[in-house]
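Report on one structure; see the data block that follows.
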Amino acid sequence: MKLSAVFLWPGTKSCERLGVDPEGDAGLIRWMINTLFYLTVCLVVVWIIVA
């Protein structure tokens with residue numbers, strides 16, 4: 001498995017659940033899901049470090 005596939009996994013699995021092709025034109029949906037996922041993860045990590 002490629003490293004890029006590991007980073008794109010949350011969005012790819014979400015698109016597959018929604019019945020959308022993550023490699024097609026709906027790739028922006030995968031991008032949005034990945035952005036929200038990693039934003040949440042990073043904010044939690046920063047909150048833990050700061051608190």
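Each chain of the structure tokens is named A, B, ... in the order shown, its residues numbered from 1; ligands are numbered from 1 in display order.
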Got a sec: who's within 10 Å of stretch 31-39 of chain A, counting only C-alpha atoms, leaving out chain neighbours fewer than 6 positions off, as a list in words?
->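 Counting only C-alpha atoms, the residues come to Phe7, Leu8, Trp9, Pro10, Gly11, Thr12, Lys13, Ser14, Cys15, Pro22 and Val45 of chain A.
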Tell me, which residues of chain A carry DSSP alpha helix (DSSP H), written as a ChimeraX atom specification?
-> /A:3-7,9-18,27-50
Only N, CA and C atoms, please: the residues just picked out, written as an mmCIF file, in the first residue's frame.
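What ended up in out.cif:
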```
data_model
loop_
_atom_site.group_PDB
_atom_site.id
_atom_site.type_symbol
_atom_site.label_atom_id
_atom_site.label_comp_id
_atom_site.auth_asym_id
_atom_site.auth_seq_id
_atom_site.Cartn_x
_atom_site.Cartn_y
_atom_site.Cartn_z
ATOM 1 N N LEU A 3 1.919 5.218 0.526
ATOM 2 C CA LEU A 3 1.727 6.173 1.615
ATOM 3 C C LEU A 3 0.559 7.112 1.316
ATOM 4 N N SER A 4 0.403 7.492 0.052
ATOM 5 C CA SER A 4 -0.711 8.375 -0.303
ATOM 6 C C SER A 4 -2.056 7.689 -0.064
ATOM 7 N N ALA A 5 -2.120 6.384 -0.298
ATOM 8 C CA ALA A 5 -3.370 5.645 -0.048
ATOM 9 C C ALA A 5 -3.704 5.632 1.442
ATOM 10 N N VAL A 6 -2.675 5.594 2.272
ATOM 11 C CA VAL A 6 -2.894 5.610 3.723
ATOM 12 C C VAL A 6 -3.483 6.956 4.154
ATOM 13 N N PHE A 7 -2.953 8.058 3.619
ATOM 14 C CA PHE A 7 -3.444 9.377 3.989
ATOM 15 C C PHE A 7 -4.835 9.650 3.434
ATOM 16 N N TRP A 9 -7.157 7.375 3.010
ATOM 17 C CA TRP A 9 -8.054 6.301 3.421
ATOM 18 C C TRP A 9 -9.380 6.784 3.999
ATOM 19 N N PRO A 10 -9.421 7.783 4.911
ATOM 20 C CA PRO A 10 -10.723 8.191 5.474
ATOM 21 C C PRO A 10 -11.699 8.674 4.404
ATOM 22 N N GLY A 11 -11.216 9.482 3.499
ATOM 23 C CA GLY A 11 -12.090 9.995 2.438
ATOM 24 C C GLY A 11 -12.497 8.920 1.448
ATOM 25 N N THR A 12 -11.582 8.012 1.142
ATOM 26 C CA THR A 12 -11.888 6.939 0.203
ATOM 27 C C THR A 12 -12.962 6.026 0.771
ATOM 28 N N LYS A 13 -12.835 5.647 2.024
ATOM 29 C CA LYS A 13 -13.832 4.773 2.649
ATOM 30 C C LYS A 13 -15.180 5.474 2.765
ATOM 31 N N SER A 14 -15.178 6.758 3.068
ATOM 32 C CA SER A 14 -16.435 7.497 3.157
ATOM 33 C C SER A 14 -17.125 7.576 1.803
ATOM 34 N N CYS A 15 -16.360 7.816 0.755
ATOM 35 C CA CYS A 15 -16.935 7.861 -0.593
ATOM 36 C C CYS A 15 -17.485 6.501 -1.004
ATOM 37 N N GLU A 16 -16.775 5.443 -0.656
ATOM 38 C CA GLU A 16 -17.268 4.108 -0.980
ATOM 39 C C GLU A 16 -18.583 3.837 -0.252
ATOM 40 N N ARG A 17 -18.702 4.296 0.977
ATOM 41 C CA ARG A 17 -19.958 4.123 1.733
ATOM 42 C C ARG A 17 -21.092 4.903 1.106
ATOM 43 N N LEU A 18 -20.773 6.079 0.563
ATOM 44 C CA LEU A 18 -21.792 6.908 -0.069
ATOM 45 C C LEU A 18 -22.115 6.445 -1.484
ATOM 46 N N GLY A 27 -13.960 13.486 -6.599
ATOM 47 C CA GLY A 27 -12.770 13.480 -5.761
ATOM 48 C C GLY A 27 -12.728 14.639 -4.784
ATOM 49 N N LEU A 28 -13.476 15.700 -5.090
ATOM 50 C CA LEU A 28 -13.535 16.834 -4.159
ATOM 51 C C LEU A 28 -14.245 16.448 -2.868
ATOM 52 N N ILE A 29 -15.168 15.520 -2.951
ATOM 53 C CA ILE A 29 -15.831 15.037 -1.739
ATOM 54 C C ILE A 29 -14.811 14.331 -0.857
ATOM 55 N N ARG A 30 -13.952 13.514 -1.477
ATOM 56 C CA ARG A 30 -12.900 12.830 -0.719
ATOM 57 C C ARG A 30 -11.951 13.837 -0.106
ATOM 58 N N TRP A 31 -11.616 14.874 -0.870
ATOM 59 C CA TRP A 31 -10.727 15.921 -0.369
ATOM 60 C C TRP A 31 -11.351 16.624 0.835
ATOM 61 N N MET A 32 -12.646 16.952 0.755
ATOM 62 C CA MET A 32 -13.316 17.640 1.841
ATOM 63 C C MET A 32 -13.367 16.767 3.099
ATOM 64 N N ILE A 33 -13.679 15.490 2.935
ATOM 65 C CA ILE A 33 -13.748 14.581 4.084
ATOM 66 C C ILE A 33 -12.378 14.424 4.720
ATOM 67 N N ASN A 34 -11.335 14.276 3.895
ATOM 68 C CA ASN A 34 -9.981 14.169 4.430
ATOM 69 C C ASN A 34 -9.574 15.441 5.166
ATOM 70 N N THR A 35 -9.925 16.596 4.606
ATOM 71 C CA THR A 35 -9.582 17.862 5.247
ATOM 72 C C THR A 35 -10.256 17.984 6.611
ATOM 73 N N LEU A 36 -11.529 17.661 6.669
ATOM 74 C CA LEU A 36 -12.242 17.739 7.953
ATOM 75 C C LEU A 36 -11.700 16.729 8.954
ATOM 76 N N PHE A 37 -11.375 15.534 8.493
ATOM 77 C CA PHE A 37 -10.840 14.498 9.377
ATOM 78 C C PHE A 37 -9.500 14.927 9.970
ATOM 79 N N TYR A 38 -8.566 15.341 9.102
ATOM 80 C CA TYR A 38 -7.236 15.704 9.593
ATOM 81 C C TYR A 38 -7.243 17.022 10.357
ATOM 82 N N LEU A 39 -8.173 17.928 10.046
ATOM 83 C CA LEU A 39 -8.314 19.151 10.832
ATOM 84 C C LEU A 39 -8.725 18.804 12.258
ATOM 85 N N THR A 40 -9.695 17.909 12.381
ATOM 86 C CA THR A 40 -10.148 17.486 13.705
ATOM 87 C C THR A 40 -9.033 16.807 14.485
ATOM 88 N N VAL A 41 -8.311 15.912 13.826
ATOM 89 C CA VAL A 41 -7.212 15.194 14.491
ATOM 90 C C VAL A 41 -6.135 16.175 14.955
ATOM 91 N N CYS A 42 -5.767 17.099 14.084
ATOM 92 C CA CYS A 42 -4.717 18.065 14.438
ATOM 93 C C CYS A 42 -5.166 19.003 15.559
ATOM 94 N N LEU A 43 -6.429 19.434 15.524
ATOM 95 C CA LEU A 43 -6.917 20.302 16.586
ATOM 96 C C LEU A 43 -6.941 19.590 17.935
ATOM 97 N N VAL A 44 -7.298 18.319 17.941
ATOM 98 C CA VAL A 44 -7.285 17.551 19.189
ATOM 99 C C VAL A 44 -5.858 17.411 19.708
ATOM 100 N N VAL A 45 -4.920 17.133 18.823
ATOM 101 C CA VAL A 45 -3.518 16.996 19.233
ATOM 102 C C VAL A 45 -2.998 18.314 19.796
ATOM 103 N N VAL A 46 -3.295 19.425 19.136
ATOM 104 C CA VAL A 46 -2.839 20.732 19.613
ATOM 105 C C VAL A 46 -3.490 21.036 20.962
ATOM 106 N N TRP A 47 -4.778 20.730 21.095
ATOM 107 C CA TRP A 47 -5.474 20.979 22.356
ATOM 108 C C TRP A 47 -4.855 20.170 23.499
ATOM 109 N N ILE A 48 -4.474 18.935 23.229
ATOM 110 C CA ILE A 48 -3.849 18.086 24.247
ATOM 111 C C ILE A 48 -2.482 18.648 24.638
ATOM 112 N N ILE A 49 -1.725 19.113 23.658
ATOM 113 C CA ILE A 49 -0.388 19.630 23.934
ATOM 114 C C ILE A 49 -0.469 20.933 24.730
ATOM 115 N N VAL A 50 -1.393 21.796 24.356
ATOM 116 C CA VAL A 50 -1.509 23.106 24.998
ATOM 117 C C VAL A 50 -2.121 22.985 26.397
#
```
